[in-house]
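Asker: After the structure tokens below, expect a handful of questions from me.
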Amino acid sequence: MRMAELVVYGIVLGSIIALGAIGLTLVYGILRFANFAHGDLMAGGAYVALFIVTGFLAWIGVPDTTFAPLSFGWRMLIAFPISMLAVGSLAILFDRLLYRKLRIERSGAVILAISALGVAFIVRMIILIIWGADSLFYRPGVLRPALELPLEVKIRPDQILILGVVFILVSLLYVFLQKTKMGKAMRATADNMELARISGIDTERVIIWTWGIGGGLAAAGGILYGIDVQLHPYMGWNFLLPLFAATILGSIGNMYGALVGGLVIGVAQQVSTAFLPPTYKPAVAFVIMIAVLLLRPQGIFGGSHR
Amino acid sequence: MRKGISYVPQVDNVFPSLTIQENLQMGAFIRNDDYGRRLEEVYTLFPILREREKQKVARLSGGQRQMVAMGRALMLDPQILLLDEPSAGLAPVLVSTIFEKIKEINATGVAIVIVEQNAREALKMADYGYVLAMGRNVLEDSGEALLADGEVARLYLGG
């Protein structure tokens with residue numbers, strides 16, 4: 001049954017979309033700001049990891065061996081957290097240099113959105129200048145055999161690992177938001193920034209944490225997509241529509257909604273390929289987004305308060 | 001705030017998606033010491049909050065939210081508590097409960113400044129009152145004296 005396989009692939013794609021959508025929704029929840037550069041942060045993360053894997057780690061002589069059934073090895077294991085840190089820092093840097101200044105000047109939502117679009121172009125053009133317009137792989141030529149699961153589902157070990165990594169990252173974020181002081185302060189600030197300030201919460205620090213986490217998760221999503229499929233300078237741009245569809249579907253600002261929304265959009269996109277040419281995948285996300293906006297603009301997890 | 005002044009706004013004065021306990025914790029955000037004892041004191045003042053500490057504030061009634069808001073502000077053990085219209089939007093029976101609580105807080109040694117449209121109730125318990133008209137201080141006296149003042153009653157207390 002091909003449908004079962006498409007659903008599984010959809011869950012893999014959806015979990016990657018969810019990593020981006022969670023960051024997007026966190027940033028929106030705190031800053032009320034639609035970050036059109038979020039997809040390109042994902043691409044940025046993928047390419048930073050590529051630089052570390054094929055450039056830096058090759059140069060210092062880390063062996064290029066792979067972990068048995070997986071398509072990557074030590075190099076990726078090292079590059080993954082470094083790239084998350086790098087993109088998290090980059091997101092914070094853009095906030096300090098650009099968005100924060102616009103916030104202080106009380107710029108409107110349109111100006112913020114356009115400047116985010118500008119950031120997106122900058123990141124994309126840097127990728128194009130350095131790596132060119134071709135698709136790239138972390139490890140070209142590696143065999144990627146698939147495992148045979150029941151219901152004729154073929155899945156690569158890489159894809160199982162992707163699901164595991166997303167599960168771990170989302171669990172860590174959950175614990176952070178629920179149990180730590182900074183996590184609670186983030187939720188409080190998303191609820192009501194004015195009151196958070198009155199209560200003595202350092203909202204600028206909350207904003208820095210939010211960008212750091214959003215950027216880090218975006219990088220993770222981009223790398224996992226690079227491992228699963230390939231790297232492409234326009235991958236971030238192509239992710240933007242599914243990211244927003246997932247965020248809106250799961251109610252903007254709601255992290256758990258973004259997770260569910262990401263999975264729904266991922267599955268819908270993959271299942272659609274049974275009926276439509278794969279080039280229509282973005283259209284599927286777009287149709288879902290329009291339908292949600294028309295029928296239930298507050299999303300499926302729309303809060304009752306306020 | 002570090003000087004011991006806490007403020008409770010009139011509206012949007014709680015974090016609805018956080019639990020009661022988390023709301024109170026946020027009130028103590030700038031405290032780096034152990035605020036457990038202060039939490040106990042606030043719970044003693046508002047026992048209902050202890051009972052429901054794990055509940056989300058979004059599901060509470062207006063009166064309970066007002067208690068959460070005051071509890072949050074009290075977490076820093078302030079010397080002065082500013083309350084903006086604490087009775088606004090509350091049912092009359094709750095208004096007296098809230099005013100009772102305000103008196104209890106005052107008895108613990110916290111000075112309280114209230115801006116209140118329910119002037120008669122507020123003046124009854126106030127030590128000192130100011131009547132503001134058009135943003136200017138037109139009258140000041142003890143709460144009792146203002147209540148007894150015929151002009152104040154006629155102009156501001158509705159006869």
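Letters A, B, ... mark the chains of the structure tokens in the order given; residue numbers begin at 1 per chain; ligand numbers begin at 1, in order shown.
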Determine which residues of range 15-189 of chain A receive a DSSP assignment of strand (DSSP E), computed from the backbone, and state them as number ranges by chain.
Answerer: A: 147-149, 153-155
Asker: Near chain B, meaning an atom within 7 Å, which residues of chain A appear when counting only C-alpha atoms? Write them as a PyMOL selection string.
Answerer: chain A and resi 185+188+191-192+195+199-201+305
Asker: Those residues with all heavy atoms, as a compact mmCIF listing (two decimals), in the first residue's frame please?
Answerer:
# COMPACT_ATOMS: atom_id res chain seq x y z
N ALA A 185 9.16 32.41 32.01
CA ALA A 185 9.17 33.84 31.68
C ALA A 185 8.85 34.04 30.20
O ALA A 185 8.19 35.01 29.82
CB ALA A 185 10.51 34.46 32.02
N ALA A 188 5.17 33.68 29.90
CA ALA A 188 4.52 34.85 30.49
C ALA A 188 4.63 36.05 29.54
O ALA A 188 3.65 36.78 29.33
CB ALA A 188 5.17 35.19 31.84
N ASP A 191 2.24 35.81 26.77
CA ASP A 191 0.89 36.13 27.24
C ASP A 191 0.67 37.64 27.26
O ASP A 191 -0.36 38.13 26.80
CB ASP A 191 0.70 35.61 28.67
CG ASP A 191 -0.10 34.33 28.70
OD1 ASP A 191 -0.38 33.80 27.63
OD2 ASP A 191 -0.43 33.86 29.81
N ASN A 192 1.63 38.37 27.83
CA ASN A 192 1.41 39.79 28.09
C ASN A 192 2.75 40.45 28.40
O ASN A 192 3.22 40.41 29.53
CB ASN A 192 0.45 39.92 29.28
CG ASN A 192 0.04 41.35 29.52
OD1 ASN A 192 0.73 42.30 29.12
ND2 ASN A 192 -1.07 41.53 30.19
N LEU A 195 2.75 43.30 31.16
CA LEU A 195 2.67 42.79 32.54
C LEU A 195 3.98 42.10 32.93
O LEU A 195 4.40 42.18 34.08
CB LEU A 195 1.49 41.83 32.68
CG LEU A 195 1.22 41.32 34.08
CD1 LEU A 195 0.81 42.45 35.01
CD2 LEU A 195 0.14 40.25 34.08
N SER A 199 6.16 42.96 36.15
CA SER A 199 6.52 41.95 37.14
C SER A 199 8.02 41.86 37.35
O SER A 199 8.46 41.10 38.20
CB SER A 199 6.01 40.58 36.70
OG SER A 199 4.63 40.62 36.48
N GLY A 200 8.78 42.57 36.54
CA GLY A 200 10.22 42.55 36.73
C GLY A 200 10.94 41.57 35.83
O GLY A 200 12.14 41.35 35.96
N ILE A 201 10.21 40.93 34.88
CA ILE A 201 10.86 40.01 33.96
C ILE A 201 11.70 40.82 32.97
O ILE A 201 11.24 41.82 32.43
CB ILE A 201 9.81 39.16 33.20
CG1 ILE A 201 9.09 38.24 34.18
CG2 ILE A 201 10.46 38.37 32.07
CD1 ILE A 201 7.92 37.50 33.59
N HIS A 305 -8.88 32.68 25.69
CA HIS A 305 -8.67 33.93 26.39
C HIS A 305 -8.32 35.04 25.42
O HIS A 305 -7.76 34.80 24.36
CB HIS A 305 -7.60 33.78 27.46
CG HIS A 305 -6.26 33.34 26.95
ND1 HIS A 305 -5.87 32.04 26.92
CD2 HIS A 305 -5.23 34.05 26.44
CE1 HIS A 305 -4.66 31.95 26.43
NE2 HIS A 305 -4.24 33.15 26.13
Asker: Got a sec: who's within 8 Å of range 53-70 of chain A, counting only C-alpha atoms, leaving out chain neighbours fewer than 3 positions off, as a ChimeraX atom specification?
Answerer: /A:49-50,73-76,79,138,144-145,157-158
Asker: Out of range 8-109 of chain B, which residues get helix (DSSP H, G or I) from DSSP, as a VMD selection string?
Answerer: chain B and resid 20 to 27 36 to 45 47 to 51 57 to 59 62 to 74 92 to 107
Asker: Take the selection from the previous step and output its residues with C-alpha atoms, as a tab-separated table (two decimals), in the first residue's frame.
Answerer:
chain	number	residue	atom	x	y	z
B	20	ILE	CA	-1.54	30.16	39.49
B	21	GLN	CA	1.76	28.99	40.92
B	22	GLU	CA	3.63	30.10	37.78
B	23	ASN	CA	1.97	33.51	37.93
B	24	LEU	CA	3.17	33.97	41.49
B	25	GLN	CA	6.63	32.73	40.53
B	26	MET	CA	6.80	35.37	37.79
B	27	GLY	CA	6.04	37.97	40.43
B	36	GLY	CA	9.25	29.69	49.10
B	37	ARG	CA	8.43	31.37	52.38
B	38	ARG	CA	6.90	34.38	50.66
B	39	LEU	CA	4.82	32.01	48.51
B	40	GLU	CA	3.51	30.41	51.69
B	41	GLU	CA	2.58	33.83	53.08
B	42	VAL	CA	0.71	34.75	49.91
B	43	TYR	CA	-1.09	31.38	49.97
B	44	THR	CA	-2.04	31.99	53.59
B	45	LEU	CA	-3.55	35.31	52.55
B	47	PRO	CA	-6.06	30.06	50.57
B	48	ILE	CA	-8.11	29.50	47.41
B	49	LEU	CA	-4.95	30.02	45.33
B	50	ARG	CA	-3.15	27.21	47.12
B	51	GLU	CA	-6.04	24.85	46.45
B	57	VAL	CA	-5.46	31.25	35.37
B	58	ALA	CA	-7.51	31.47	32.15
B	59	ARG	CA	-10.04	29.15	33.80
B	62	GLY	CA	-12.78	37.40	37.83
B	63	GLY	CA	-12.44	37.60	41.60
B	64	GLN	CA	-9.89	34.78	41.70
B	65	ARG	CA	-7.92	36.43	38.90
B	66	GLN	CA	-7.82	39.62	40.92
B	67	MET	CA	-6.41	37.62	43.82
B	68	VAL	CA	-3.76	36.10	41.53
B	69	ALA	CA	-2.88	39.59	40.31
B	70	MET	CA	-2.51	40.93	43.85
B	71	GLY	CA	-0.64	37.81	44.94
B	72	ARG	CA	1.77	38.23	42.02
B	73	ALA	CA	2.45	41.84	43.05
B	74	LEU	CA	2.95	40.81	46.68
B	92	PRO	CA	-20.78	43.28	44.13
B	93	VAL	CA	-20.36	40.31	46.48
B	94	LEU	CA	-16.81	39.84	45.23
B	95	VAL	CA	-16.03	43.52	45.64
B	96	SER	CA	-16.42	43.26	49.39
B	97	THR	CA	-14.27	40.09	49.46
B	98	ILE	CA	-11.51	41.87	47.53
B	99	PHE	CA	-11.74	44.90	49.82
B	100	GLU	CA	-11.52	42.58	52.83
B	101	LYS	CA	-8.34	41.11	51.38
B	102	ILE	CA	-6.93	44.57	50.75
B	103	LYS	CA	-7.48	45.40	54.42
B	104	GLU	CA	-5.73	42.17	55.42
B	105	ILE	CA	-2.76	43.01	53.17
B	106	ASN	CA	-2.64	46.48	54.72
B	107	ALA	CA	-2.63	44.92	58.18
Asker: Using only C-alpha atoms, which of the listed residues (A:Val7, A:Met125, A:Ile17, A:Val206) sits closest to Leu31 in chain A?
Answerer: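 Residue with the minimum atom-to-atom distance to Leu31 in chain A: A:Val206.
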Asker: Which distance in Å separates CA of Ile126 in chain A and CA of Val48 in chain A, to one decimal?
Answerer: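 These two atoms are separated by 11.3 Å.
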Asker: Mind checking which residues fall within 12 Å of Ser71 in chain A, counting only C-alpha atoms, ignoring those fewer than 6 positions away in the same chain, and posting them as a list in words?
Answerer: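 Counting only the stated atoms, we get Asp64, Thr65, Leu77, Phe137, Tyr138, Arg139, Pro140, Gly141, Val142, Leu143, Arg144, Pro145, Ala146, Arg156, Pro157, Asp158, Gln159, Leu161, Ile162, Leu224, Gly226, Ile227, Asp228 and Val229 of chain A.
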Asker: Need the shell around Glu144 in chain B: protein/DNA/RNA residues with any atom at most 12 Å away, counting only C-alpha atoms. Skip same-chain ones fewer than 5 positions apart. Format as a list in words?
Answerer: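 Counting only C-alpha atoms, the residues come to Ala119, Arg120, Glu121, Ala122, Leu123, Lys124, Met125, Ala126, Asp127, Tyr128, Gly129, Tyr130, Asp149, Gly150, Val152 and Ala153 of chain B.
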Asker: For Ala258 in chain A, which residue out of A:Ala291, A:Ile22, A:Ile92, A:Ala274 is the nearest one, using only C-alpha atoms?
Answerer: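 For Ala258 in chain A, the nearest of the given residues is A:Ile22.
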Asker: So how far away is CA of Leu173 in chain A from CA of Leu217 in chain A, in Å?
Answerer: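 About the pair CA of Leu217 in chain A and CA of Leu173 in chain A: they are 9.6 Å apart.
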Asker: Determine the nearest neighbour of Gly10 in chain A from the options A:Arg100, A:Arg205, A:Lys281, A:Lys179, counting only C-alpha atoms.
Answerer: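 Once distances to Gly10 in chain A are computed over only C-alpha atoms, the minimum belongs to A:Lys281.
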